[in-house]
>>> print(open('data_28.cif').read())   # mmCIF, C-alpha atoms
data_protein
loop_
_atom_site.label_atom_id
_atom_site.label_comp_id
_atom_site.auth_asym_id
_atom_site.auth_seq_id
_atom_site.Cartn_x
_atom_site.Cartn_y
_atom_site.Cartn_z
CA MET A 1 102.61 -27.22 61.81
CA MET A 2 101.32 -25.89 65.10
CA ALA A 3 101.25 -29.40 66.46
CA ALA A 4 104.93 -29.77 65.58
CA THR A 5 105.87 -26.56 67.44
CA LEU A 6 103.81 -27.53 70.41
CA CYS A 7 105.48 -30.88 70.66
CA GLY A 8 108.67 -29.61 72.21
CA LYS A 9 107.10 -27.49 75.00
CA LEU A 10 103.66 -28.77 75.92
CA LEU A 11 104.24 -32.48 75.98
CA PRO A 12 105.66 -33.06 79.41
CA LYS A 13 104.51 -36.62 79.61
CA GLN A 14 105.13 -38.98 76.75
CA GLY A 15 102.20 -39.90 74.57
CA TRP A 16 100.20 -36.82 75.38
CA LEU A 17 98.61 -35.06 72.38
CA PRO A 18 96.85 -31.63 72.57
CA VAL A 19 93.06 -31.67 72.52
CA THR A 20 92.76 -29.14 69.69
CA GLN A 21 94.81 -29.35 66.54
CA SER A 22 94.63 -26.49 64.12
CA VAL A 23 95.39 -27.36 60.53
CA ARG A 24 96.76 -24.84 58.06
CA HIS A 25 93.95 -22.77 56.63
CA GLY A 26 93.48 -19.40 55.02
CA SER A 27 94.21 -19.85 51.30
CA LYS A 28 92.54 -22.23 48.83
CA ALA A 29 94.04 -23.69 45.70
CA VAL A 30 90.86 -23.74 43.65
CA THR A 31 89.24 -20.30 43.52
CA ARG A 32 86.44 -18.79 41.53
CA HIS A 33 88.52 -15.82 40.46
CA ARG A 34 91.85 -15.95 38.66
CA LYS A 35 94.39 -16.42 41.43
CA PRO A 36 97.34 -13.99 41.16
CA ILE A 37 100.44 -15.83 40.00
CA HIS A 38 103.98 -14.59 40.43
CA ILE A 39 105.20 -12.82 37.29
CA LEU A 40 108.06 -15.25 36.77
CA LYS A 41 105.75 -18.23 37.03
CA GLN A 42 103.35 -16.47 34.66
CA LYS A 43 106.10 -15.96 32.08
CA LEU A 44 107.18 -19.58 32.41
CA LEU A 45 103.65 -20.86 31.87
CA ALA A 46 103.18 -18.58 28.86
CA VAL A 47 106.39 -19.78 27.26
CA THR A 48 105.72 -23.45 27.85
CA LYS A 49 102.06 -23.38 26.81
CA TYR A 50 100.86 -26.28 24.63
CA VAL A 51 100.38 -25.31 20.96
CA PRO A 52 98.59 -28.04 18.97
CA PRO A 53 100.05 -28.79 15.53
CA THR A 54 98.09 -27.13 12.68
CA PRO A 55 96.62 -29.69 10.28
CA VAL A 56 97.97 -29.50 6.75
CA VAL A 57 94.48 -30.02 5.36
CA PRO A 58 91.73 -27.92 7.00
CA LYS A 59 89.01 -29.90 8.70
CA GLY A 60 86.16 -30.87 6.42
CA ALA A 61 88.12 -30.36 3.19
CA TYR A 62 88.38 -34.06 2.40
CA PRO A 63 85.83 -36.60 3.58
CA PHE A 64 86.94 -39.40 5.82
CA GLU A 65 88.05 -42.32 3.66
CA ARG A 66 87.18 -45.11 6.06
CA GLN A 67 83.46 -45.02 6.82
CA GLU A 68 82.92 -45.37 10.55
CA VAL A 69 80.57 -48.28 11.08
CA LYS A 70 78.54 -47.40 14.15
CA GLU A 71 76.56 -50.02 15.95
CA GLU A 72 72.89 -49.16 15.95
CA SER A 73 71.45 -48.61 19.37
CA GLY A 74 68.47 -50.58 20.61
CA PHE A 75 66.14 -47.64 20.07
CA VAL A 76 67.11 -47.43 16.41
CA LEU A 77 66.50 -51.15 15.98
CA LEU A 78 63.10 -50.80 17.59
CA LEU A 79 62.21 -47.93 15.26
CA LYS A 80 63.32 -49.97 12.27
CA ARG A 81 61.15 -52.88 13.31
CA GLU A 82 58.23 -50.51 13.67
CA LEU A 83 58.89 -49.09 10.23
CA LYS A 84 58.97 -52.58 8.75
CA LYS A 85 55.62 -53.38 10.33
CA LEU A 86 54.30 -50.04 9.11
CA PHE A 87 55.15 -50.73 5.50
CA GLN A 88 53.70 -54.21 5.72
CA ASP A 89 50.44 -53.32 7.45
CA TYR A 90 49.56 -49.97 5.99
CA LYS A 91 48.72 -49.73 2.32
CA MET A 92 49.10 -46.00 2.05
CA VAL A 93 52.16 -44.15 3.36
CA ALA A 94 52.20 -40.43 2.55
CA VAL A 95 55.01 -37.99 3.31
CA ALA A 96 54.43 -34.31 4.02
CA GLN A 97 56.62 -31.47 5.21
CA ASN A 98 55.30 -29.10 7.85
CA CYS A 99 56.89 -25.66 7.97
CA ASN A 100 55.56 -24.80 11.33
CA SER A 101 52.47 -26.08 12.97
CA ASN A 102 51.76 -25.50 16.60
CA ALA A 103 50.35 -28.16 18.85
CA GLU A 104 46.82 -26.86 18.29
CA ASP A 105 46.97 -27.27 14.50
CA MET A 106 48.51 -30.72 14.87
CA ARG A 107 45.78 -31.76 17.27
CA ILE A 108 43.02 -30.62 14.92
CA LEU A 109 44.67 -32.30 11.95
CA LYS A 110 45.19 -35.53 13.86
CA HIS A 111 41.55 -35.51 14.92
CA ARG A 112 40.34 -34.94 11.36
CA LEU A 113 42.52 -37.69 9.97
CA HIS A 114 41.66 -40.09 12.77
CA ARG A 115 38.02 -39.86 11.79
CA HIS A 116 38.95 -41.38 8.43
CA GLY A 117 41.28 -43.93 9.93
CA ILE A 118 44.55 -42.21 8.98
CA ALA A 119 47.33 -42.20 11.57
CA VAL A 120 50.01 -39.54 11.90
CA LYS A 121 53.52 -40.83 12.60
CA PHE A 122 56.87 -39.19 13.24
CA PHE A 123 60.22 -40.83 12.70
CA PRO A 124 63.77 -39.43 12.78
CA ASN A 125 65.07 -38.79 9.27
CA GLN A 126 68.34 -40.64 9.76
CA VAL A 127 66.66 -43.83 10.87
CA MET A 128 64.15 -43.48 8.05
CA CYS A 129 66.85 -43.03 5.41
CA SER A 130 68.93 -45.94 6.63
CA PHE A 131 65.87 -48.19 6.73
CA LEU A 132 64.72 -47.16 3.26
CA SER A 133 68.12 -47.66 1.69
CA ASP A 134 68.10 -51.27 2.90
CA SER A 135 64.53 -51.99 1.87
CA VAL A 136 62.74 -51.97 -1.47
CA TYR A 137 61.57 -48.39 -1.11
CA SER A 138 64.94 -46.78 -1.63
CA ASN A 139 63.59 -44.15 -4.02
CA MET A 140 61.64 -42.55 -1.25
CA ALA A 141 64.83 -41.62 0.60
CA PRO A 142 65.36 -38.13 -0.94
CA LEU A 143 61.93 -37.05 0.32
CA PHE A 144 63.00 -37.09 3.94
CA ILE A 145 64.73 -33.74 4.47
CA GLY A 146 63.68 -31.38 7.22
CA PRO A 147 60.68 -31.84 9.47
CA THR A 148 58.55 -34.54 7.86
CA VAL A 149 55.33 -36.18 8.91
CA LEU A 150 54.07 -39.58 7.84
CA PHE A 151 50.40 -40.21 7.19
CA VAL A 152 49.64 -43.90 7.17
CA SER A 153 46.37 -45.70 6.65
CA LYS A 154 45.26 -49.22 5.86
CA GLU A 155 42.76 -48.11 3.24
CA PRO A 156 44.03 -45.63 0.64
CA LYS A 157 41.73 -42.75 1.51
CA VAL A 158 43.37 -40.11 -0.56
CA LYS A 159 40.50 -37.67 -1.08
CA GLU A 160 39.87 -37.21 2.62
CA MET A 161 43.56 -36.79 3.29
CA LEU A 162 43.86 -34.14 0.58
CA THR A 163 40.91 -32.17 1.92
CA SER A 164 42.30 -32.19 5.44
CA LEU A 165 45.73 -31.15 4.22
CA ARG A 166 44.29 -28.32 2.18
CA SER A 167 42.77 -26.85 5.32
CA SER A 168 46.17 -26.68 7.02
CA PRO A 169 48.35 -24.39 4.89
CA GLN A 170 51.67 -25.32 6.43
CA MET A 171 51.68 -28.96 5.34
CA THR A 172 53.12 -29.66 1.91
CA LEU A 173 52.48 -33.10 0.45
CA LEU A 174 55.70 -34.42 -1.06
CA GLY A 175 54.79 -37.91 -2.18
CA ALA A 176 53.13 -41.15 -1.22
CA CYS A 177 53.62 -44.88 -1.51
CA ILE A 178 50.24 -46.46 -2.20
CA ASP A 179 50.01 -50.22 -2.75
CA ASN A 180 53.79 -50.45 -3.14
CA THR A 181 53.79 -47.85 -5.91
CA LEU A 182 55.61 -44.59 -5.43
CA LEU A 183 53.55 -41.55 -6.40
CA SER A 184 54.45 -37.90 -6.58
CA ALA A 185 52.15 -35.14 -5.33
CA GLN A 186 50.44 -34.82 -8.71
CA GLY A 187 50.19 -38.60 -8.89
CA VAL A 188 48.36 -38.58 -5.59
CA VAL A 189 45.92 -35.97 -6.87
CA SER A 190 45.22 -37.96 -10.02
CA TYR A 191 44.88 -41.13 -7.91
CA SER A 192 42.21 -39.42 -5.86
CA LYS A 193 40.33 -38.53 -9.05
CA LEU A 194 40.22 -42.17 -10.17
CA PRO A 195 36.83 -43.81 -9.83
CA SER A 196 36.47 -46.67 -7.38
CA VAL A 197 37.40 -50.25 -8.31
CA SER A 198 33.80 -51.43 -8.72
CA VAL A 199 33.03 -48.60 -11.14
CA VAL A 200 36.10 -49.39 -13.24
CA GLN A 201 35.26 -53.09 -13.28
CA GLY A 202 31.71 -52.30 -14.41
CA GLU A 203 33.02 -50.10 -17.19
CA LEU A 204 35.44 -52.80 -18.38
CA VAL A 205 32.79 -55.49 -18.41
CA SER A 206 30.35 -53.29 -20.31
CA GLY A 207 33.03 -52.41 -22.86
CA LEU A 208 33.88 -56.05 -23.49
CA THR A 209 30.31 -57.23 -23.76
CA MET A 210 29.25 -54.33 -25.96
CA MET A 211 29.79 -56.21 -29.19
CA THR A 212 28.05 -59.37 -28.07
CA ALA A 213 25.16 -57.37 -26.59
CA HIS A 214 24.80 -55.55 -29.91
CA THR A 215 24.67 -58.86 -31.78
CA ALA A 216 22.17 -60.31 -29.33
CA SER A 217 19.87 -57.32 -29.66
CA MET A 218 20.08 -57.49 -33.43
CA LEU A 219 19.14 -61.18 -33.45
CA LEU A 220 16.12 -60.44 -31.32
CA ARG A 221 14.64 -58.26 -34.07
CA HIS A 222 12.17 -59.45 -36.71
CA PRO A 223 13.69 -62.14 -39.03
CA ALA A 224 12.38 -60.37 -42.15
CA HIS A 225 14.40 -57.32 -41.17
CA LEU A 226 17.46 -59.52 -40.69
CA SER A 227 17.08 -61.27 -44.05
CA ALA A 228 16.66 -57.89 -45.80
CA LEU A 229 19.88 -56.70 -44.11
CA LEU A 230 21.76 -59.84 -45.15
CA GLN A 231 20.61 -59.50 -48.78
CA GLN A 232 21.75 -55.87 -48.80
CA TYR A 233 25.10 -56.97 -47.41
CA VAL A 234 25.53 -59.65 -50.10
CA LYS A 235 24.70 -57.11 -52.83
CA GLN A 236 27.28 -54.70 -51.43
CA GLN A 237 29.92 -57.43 -51.29
CA SER A 238 29.26 -58.47 -54.90
CA SER A 239 29.27 -54.86 -56.08
CA GLU A 240 32.64 -54.34 -54.35
CA GLU A 241 34.10 -57.51 -55.85
CA ALA A 242 33.01 -56.66 -59.37
CA PRO A 243 34.95 -53.34 -59.59
CA LYS A 244 37.95 -55.06 -57.98
CA ALA A 245 37.89 -57.80 -60.57
CA GLU A 246 37.61 -55.17 -63.34
CA GLU A 247 40.59 -53.31 -61.89
CA ALA A 248 42.61 -56.49 -61.74
CA THR A 249 41.95 -57.30 -65.40
CA MET B 1 71.32 -23.20 10.58
CA ALA B 2 70.63 -20.93 13.52
CA ALA B 3 73.86 -19.08 12.89
CA SER B 4 72.84 -18.14 9.39
CA SER B 5 70.22 -15.66 10.59
CA LYS B 6 71.22 -13.62 13.56
CA SER B 7 68.30 -11.30 13.02
CA ALA B 8 64.97 -12.77 12.17
CA VAL B 9 63.67 -12.47 8.66
CA VAL B 10 61.65 -9.30 8.24
CA LEU B 11 59.01 -9.75 5.59
CA LYS B 12 57.39 -6.36 5.78
CA ALA B 13 58.37 -5.39 2.27
CA VAL B 14 57.40 -8.72 0.75
CA LYS B 15 54.10 -9.35 -0.95
CA LYS B 16 54.36 -12.96 -2.07
CA ILE B 17 56.83 -15.81 -1.96
CA ALA B 18 56.32 -18.69 -4.37
CA VAL B 19 58.53 -21.73 -3.87
CA GLN B 20 58.53 -24.59 -6.32
CA PHE B 21 60.64 -27.72 -6.20
CA CYS B 22 60.67 -31.37 -7.09
CA PRO B 23 61.26 -33.41 -3.93
CA PHE B 24 62.73 -36.41 -5.71
CA GLU B 25 65.71 -34.42 -6.94
CA SER B 26 68.84 -34.25 -4.87
CA ASN B 27 69.55 -30.50 -5.24
CA VAL B 28 66.49 -29.46 -3.32
CA ARG B 29 67.85 -29.27 0.22
CA SER B 30 68.69 -25.56 0.24
CA THR B 31 65.33 -24.57 -1.22
CA ARG B 32 63.47 -26.64 1.32
CA GLU B 33 65.45 -25.17 4.20
CA PHE B 34 64.84 -21.69 2.84
CA LEU B 35 61.14 -22.47 2.76
CA LEU B 36 61.29 -23.61 6.38
CA PHE B 37 62.93 -20.37 7.39
CA VAL B 38 60.55 -18.17 5.51
CA GLY B 39 57.47 -20.09 6.56
CA SER B 40 58.37 -20.13 10.24
CA GLU B 41 56.23 -18.43 12.86
CA LYS B 42 58.76 -15.69 13.50
CA ALA B 43 59.02 -14.68 9.88
CA ARG B 44 55.32 -14.84 9.21
CA SER B 45 54.45 -12.84 12.29
CA THR B 46 56.36 -9.86 10.87
CA ASN B 47 53.90 -9.67 8.02
CA MET B 48 50.61 -11.52 8.11
CA ASN B 49 49.64 -10.40 4.61
CA CYS B 50 52.58 -12.08 2.96
CA GLU B 51 51.59 -15.28 1.17
CA VAL B 52 53.93 -18.26 1.06
CA ILE B 53 52.89 -20.59 -1.71
CA THR B 54 54.56 -23.96 -2.18
CA THR B 55 54.28 -25.96 -5.38
CA VAL B 56 55.49 -29.55 -5.48
CA LYS B 57 56.34 -30.65 -9.00
CA HIS B 58 57.69 -33.83 -10.51
CA ASP B 59 59.24 -32.74 -13.80
CA LYS B 60 62.93 -32.72 -12.85
CA SER B 61 62.82 -28.93 -13.01
CA GLU B 62 65.13 -26.74 -10.99
CA PRO B 63 64.01 -25.53 -7.59
CA VAL B 64 63.01 -21.86 -7.88
CA VAL B 65 62.09 -19.24 -5.30
CA ASP B 66 60.13 -16.30 -6.69
CA VAL B 67 59.74 -13.34 -4.33
CA THR B 68 57.45 -10.42 -5.20
CA PHE B 69 58.06 -7.29 -3.18
CA VAL B 70 55.52 -4.64 -2.30
CA ASP B 71 57.00 -2.14 -4.74
CA GLY B 72 56.75 -4.56 -7.62
CA GLU B 73 60.32 -5.82 -7.68
CA ARG B 74 60.83 -9.51 -8.23
CA LEU B 75 63.65 -11.65 -6.90
CA LEU B 76 64.18 -14.97 -8.63
CA MET B 77 66.50 -17.44 -6.92
CA LYS B 78 67.42 -20.69 -8.61
CA GLY B 79 68.29 -22.90 -5.70
CA ALA B 80 69.90 -25.79 -7.55
CA LYS B 81 73.47 -24.73 -6.83
CA LEU B 82 72.94 -22.26 -4.01
CA THR B 83 73.36 -22.91 -0.32
CA THR B 84 70.73 -21.90 2.19
CA ARG B 85 72.99 -19.25 3.66
CA GLU B 86 73.53 -17.55 0.32
CA MET B 87 69.85 -17.51 -0.45
CA LEU B 88 68.95 -16.20 2.97
CA SER B 89 71.62 -13.50 2.93
CA ALA B 90 70.57 -12.27 -0.51
CA PHE B 91 66.94 -12.27 0.51
CA GLN B 92 67.54 -10.58 3.85
CA SER B 93 69.80 -7.91 2.40
CA ARG B 94 67.12 -6.93 -0.07
CA CYS B 95 64.41 -6.99 2.59
CA THR B 96 66.35 -4.77 4.97
CA ALA B 97 67.31 -2.46 2.10
CA LYS B 98 63.66 -1.87 1.34
CA ASP B 99 62.38 -1.92 4.87
CA PRO B 100 64.44 0.78 6.69
CA GLN B 101 63.62 3.12 3.84
CA ALA B 102 59.96 2.87 4.65
CA LYS B 103 60.64 3.00 8.40
CA ALA B 104 62.99 5.98 8.14
CA GLY B 105 60.51 7.79 5.92
CA VAL B 106 57.75 7.22 8.47
CA LYS B 107 59.95 8.37 11.38
CA LYS B 108 61.00 11.54 9.63
#
>>> encode(input="data_28.cif", output="structure tokens")
Amino acid sequence: MMAATLCGKLLPKQGWLPVTQSVRHGSKAVTRHRKPIHILKQKLLAVTKYVPPTPVVPKGAYPFERQEVKEESGFVLLLKRELKKLFQDYKMVAVAQNCNSNAEDMRILKHRLHRHGIAVKFFPNQVMCSFLSDSVYSNMAPLFIGPTVLFVSKEPKVKEMLTSLRSSPQMTLLGACIDNTLLSAQGVVSYSKLPSVSVVQGELVSGLTMMTAHTASMLLRHPAHLSALLQQYVKQQSSEEAPKAEEAT
Amino acid sequence: MAASSKSAVVLKAVKKIAVQFCPFESNVRSTREFLLFVGSEKARSTNMNCEVITTVKHDKSEPVVDVTFVDGERLLMKGAKLTTREMLSAFQSRCTAKDPQAKAGVKK
């Protein structure tokens, strides 16, 4: 503006431009405060303000009919692969809910469980649920609500896990999947009370061989004793048959 | 969730809270969230003597929250059809009803 006014007077020679050029300054368009607008302009803006159309149905009343299929990000795919490996490698997968445990409690618990070879894992619930619904373990899905922790171990060391969990009051055991069998909290407790496999096998073998061992021990006794027993048995049989025959006739 | 409790839960008038639920049921969400709220650090710091006992069952029973107050009153909430907000508001209203009485009595 100033340059334009100067042009007529201070440009004696052609092609001469002033050294300093002052540009219009003094008022900004974008201010931090609300810039005063002329009352007429204010009224116009108020009248022509955009009013969005009100939806007939309030938001959230009806669920969306078409399910949006979102592509899973790379991180989610990675987590799913990890979960798959987890379920394949680790025999015991237990789920617990922690109300509130500070870092100190978690550290102590992790240390205690690590001594027995149990690892503590965290996974986002959404990923977990979507993975479980695709896999065989779909019945575990309702367990994963709220902050959950996974305890995984290759050997099902249930007793040690229960003792460590009892010492931390905030953790609540919800369920476990041991050897591809889903167990509830009480099931886990009863599983821990089971004797070991070798003991059970020993008991089974002894139960099966009890009869044969009894017979073998009896045969080892004196033959006179055995013959006396057999004679007694024959007498009993005949005495039983005689009253039966009398009843029949 | 954060909007449902503007003031933290004050457990001063509560003696014991027993929560029981069956995690394999689908109506358990509100009870579990209530348990989270009540078992949080903030809530427990208001009253260290208050016990929060959780029982995990597997008999398809309804989720139940049993609150025993200091003056012997018992509040039984069956969480099968309740939302977390309703449970929390009922619980908090009763807590604050009992608590300011004790506080006001002490002040006077």
>>> closest_residue(input="data_28.cif", among="A:Leu132, A:Leu183, A:Met171, A:Val19", to="Asn102 of chain A", atoms="only C-alpha atoms")
A:Met171
>>> closest_residue(input="data_28.cif", among="A:Leu182, A:Val200, A:Leu194, A:Leu219", to="chain B", atoms="only C-alpha atoms")
A:Leu182
>>> closest_residue(input="data_28.cif", among="A:Leu229, A:Ile145, A:Ile39, A:Val57", to="chain B", atoms="all atoms listed in the file")
A:Ile145
>>> closest_atom_pairs(input="data_28.cif", of="chain B", to="chain A", cutoff="10 Å", atoms="all atoms listed in the file", output="Markdown table")
| residue | atom | partner | partner_atom | distance |
| --- | --- | --- | --- | --- |
| B:Phe21 | CA | A:Leu174 | CA | 9.8 |
| B:Cys22 | CA | A:Leu174 | CA | 8.4 |
| B:Pro23 | CA | A:Leu143 | CA | 5.6 |
| B:Phe24 | CA | A:Pro142 | CA | 5.7 |
| B:Glu25 | CA | A:Pro142 | CA | 7.1 |
| B:Ser26 | CA | A:Pro142 | CA | 6.5 |
| B:Asn27 | CA | A:Pro142 | CA | 9.7 |
| B:Val28 | CA | A:Ile145 | CA | 9.1 |
| B:Arg29 | CA | A:Ile145 | CA | 6.9 |
| B:Arg32 | CA | A:Gly146 | CA | 7.6 |
| B:Glu33 | CA | A:Gly146 | CA | 7.1 |
| B:Leu35 | CA | A:Cys99 | CA | 7.4 |
| B:Leu36 | CA | A:Cys99 | CA | 5.1 |
| B:Phe37 | CA | A:Cys99 | CA | 8.0 |
| B:Val38 | CA | A:Cys99 | CA | 8.7 |
| B:Gly39 | CA | A:Cys99 | CA | 5.8 |
| B:Ser40 | CA | A:Asn100 | CA | 5.6 |
| B:Glu41 | CA | A:Asn100 | CA | 6.6 |
| B:Lys42 | CA | A:Asn100 | CA | 9.9 |
| B:Val52 | CA | A:Pro169 | CA | 9.1 |
| B:Ile53 | CA | A:Pro169 | CA | 8.9 |
| B:Thr54 | CA | A:Thr172 | CA | 7.2 |
| B:Thr55 | CA | A:Thr172 | CA | 8.3 |
| B:Val56 | CA | A:Ala185 | CA | 6.5 |
| B:Lys57 | CA | A:Ala185 | CA | 7.2 |
| B:His58 | CA | A:Ser184 | CA | 6.5 |
>>> residues_around(input="data_28.cif", residues="Lys193 of chain A", least_positions_apart="3", cutoff="12 Å", atoms="only C-alpha atoms", output="ChimeraX atom specification")
/A:157-160,162,186-190,196
>>> closest_residue(input="data_28.cif", among="B:Cys50, B:Lys60, B:Arg85, B:Ala13", to="Ala97 of chain B", atoms="all atoms listed in the file")
B:Ala13
>>> atom_distance(input="data_28.cif", atom1="atom CA of Tyr90 of chain A", atom2="atom CA of Lys121 of chain A")
12.0 Å
>>> closest_residue(input="data_28.cif", among="B:Ala80, B:Arg94, B:Leu11, B:Ser89", to="Val65 of chain B", atoms="all atoms listed in the file")
B:Ala80
>>> closest_residue(input="data_28.cif", among="B:Asn49, B:Gln20, B:Ser93, B:Ser30", to="Asp66 of chain B", atoms="all atoms listed in the file")
B:Gln20
>>> residues_around(input="data_28.cif", residues="Asn180 of chain A", least_positions_apart="5", cutoff="12 Å", atoms="all atoms listed in the file", output="list in words")
Phe87, Gln88, Asp89, Tyr90, Lys91, Met92, Val93, Ala94, Ser135, Val136, Tyr137, Ser138, Asn139, Met140 and Pro156 of chain A
>>> write_last_selection(input="data_28.cif", atoms="C-alpha atoms", output="short mmCIF file (atom, residue, chain, number, x, y, z; two decimals), keeping the file's coordinate frame")
data_model
loop_
_atom_site.label_atom_id
_atom_site.label_comp_id
_atom_site.auth_asym_id
_atom_site.auth_seq_id
_atom_site.Cartn_x
_atom_site.Cartn_y
_atom_site.Cartn_z
CA PHE A 87 55.15 -50.73 5.50
CA GLN A 88 53.70 -54.21 5.72
CA ASP A 89 50.44 -53.32 7.45
CA TYR A 90 49.56 -49.97 5.99
CA LYS A 91 48.72 -49.73 2.32
CA MET A 92 49.10 -46.00 2.05
CA VAL A 93 52.16 -44.15 3.36
CA ALA A 94 52.20 -40.43 2.55
CA SER A 135 64.53 -51.99 1.87
CA VAL A 136 62.74 -51.97 -1.47
CA TYR A 137 61.57 -48.39 -1.11
CA SER A 138 64.94 -46.78 -1.63
CA ASN A 139 63.59 -44.15 -4.02
CA MET A 140 61.64 -42.55 -1.25
CA PRO A 156 44.03 -45.63 0.64
#
>>> resolve_selection(input="data_28.cif", expression="the PyMOL selection byres ((chain A and resi 117) around 12)", output="mmCIF file with C-alpha atoms, keeping the file's coordinate frame")
data_model
loop_
_atom_site.group_PDB
_atom_site.id
_atom_site.type_symbol
_atom_site.label_atom_id
_atom_site.label_comp_id
_atom_site.auth_asym_id
_atom_site.auth_seq_id
_atom_site.Cartn_x
_atom_site.Cartn_y
_atom_site.Cartn_z
ATOM 1 C CA TYR A 90 49.560 -49.970 5.990
ATOM 2 C CA MET A 92 49.100 -46.000 2.050
ATOM 3 C CA LYS A 110 45.190 -35.530 13.860
ATOM 4 C CA HIS A 111 41.550 -35.510 14.920
ATOM 5 C CA ARG A 112 40.340 -34.940 11.360
ATOM 6 C CA LEU A 113 42.520 -37.690 9.970
ATOM 7 C CA HIS A 114 41.660 -40.090 12.770
ATOM 8 C CA ARG A 115 38.020 -39.860 11.790
ATOM 9 C CA HIS A 116 38.950 -41.380 8.430
ATOM 10 C CA ILE A 118 44.550 -42.210 8.980
ATOM 11 C CA ALA A 119 47.330 -42.200 11.570
ATOM 12 C CA VAL A 120 50.010 -39.540 11.900
ATOM 13 C CA PHE A 151 50.400 -40.210 7.190
ATOM 14 C CA VAL A 152 49.640 -43.900 7.170
ATOM 15 C CA SER A 153 46.370 -45.700 6.650
ATOM 16 C CA LYS A 154 45.260 -49.220 5.860
ATOM 17 C CA GLU A 155 42.760 -48.110 3.240
ATOM 18 C CA PRO A 156 44.030 -45.630 0.640
ATOM 19 C CA LYS A 157 41.730 -42.750 1.510
ATOM 20 C CA VAL A 158 43.370 -40.110 -0.560
ATOM 21 C CA GLU A 160 39.870 -37.210 2.620
ATOM 22 C CA MET A 161 43.560 -36.790 3.290
#
>>> resolve_selection(input="data_28.cif", expression="the PyMOL selection byres ((chain B and resi 9) around 9)", output="list in words")
Ser5, Ser7, Ala8, Val10, Leu11, Phe37, Val38, Lys42, Ala43, Arg44, Thr46, Leu88, Phe91, Gln92, Cys95 and Thr96 of chain B
>>> atom_distance(input="data_28.cif", atom1="atom CA of Val64 of chain B", atom2="atom CA of Ala96 of chain A")
19.2 Å
>>> atom_distance(input="data_28.cif", atom1="atom CA of Ala90 of chain B", atom2="atom CA of Met77 of chain B")
9.2 Å
>>> decode(input="data_28.cif", residues="segment 214-242 of chain A", atoms="C-alpha atoms", output="short mmCIF file (atom, residue, chain, number, x, y, z; two decimals), in the first residue's frame")
data_model
loop_
_atom_site.label_atom_id
_atom_site.label_comp_id
_atom_site.auth_asym_id
_atom_site.auth_seq_id
_atom_site.Cartn_x
_atom_site.Cartn_y
_atom_site.Cartn_z
CA HIS A 214 -4.32 -114.38 46.58
CA THR A 215 -4.57 -117.59 44.56
CA ALA A 216 -0.79 -117.91 44.36
CA SER A 217 -0.40 -117.50 48.11
CA MET A 218 -3.11 -120.05 48.75
CA LEU A 219 -1.42 -122.60 46.48
CA LEU A 220 1.83 -122.14 48.34
CA ARG A 221 0.24 -123.44 51.55
CA HIS A 222 0.38 -127.05 52.74
CA PRO A 223 -1.43 -129.46 50.32
CA ALA A 224 -3.25 -131.17 53.21
CA HIS A 225 -4.80 -127.83 54.10
CA LEU A 226 -5.83 -127.35 50.48
CA SER A 227 -7.40 -130.80 50.17
CA ALA A 228 -9.33 -130.26 53.43
CA LEU A 229 -10.62 -126.93 52.02
CA LEU A 230 -11.66 -128.57 48.74
CA GLN A 231 -13.52 -131.37 50.55
CA GLN A 232 -15.35 -128.78 52.66
CA TYR A 233 -16.27 -126.92 49.49
CA VAL A 234 -17.63 -130.07 47.81
CA LYS A 235 -19.73 -130.86 50.91
CA GLN A 236 -21.15 -127.34 50.89
CA GLN A 237 -21.98 -127.58 47.19
CA SER A 238 -23.76 -130.94 47.64
CA SER A 239 -25.64 -129.67 50.69
CA GLU A 240 -26.81 -126.64 48.67
CA GLU A 241 -27.88 -128.79 45.73
CA ALA A 242 -29.86 -131.20 47.87
#
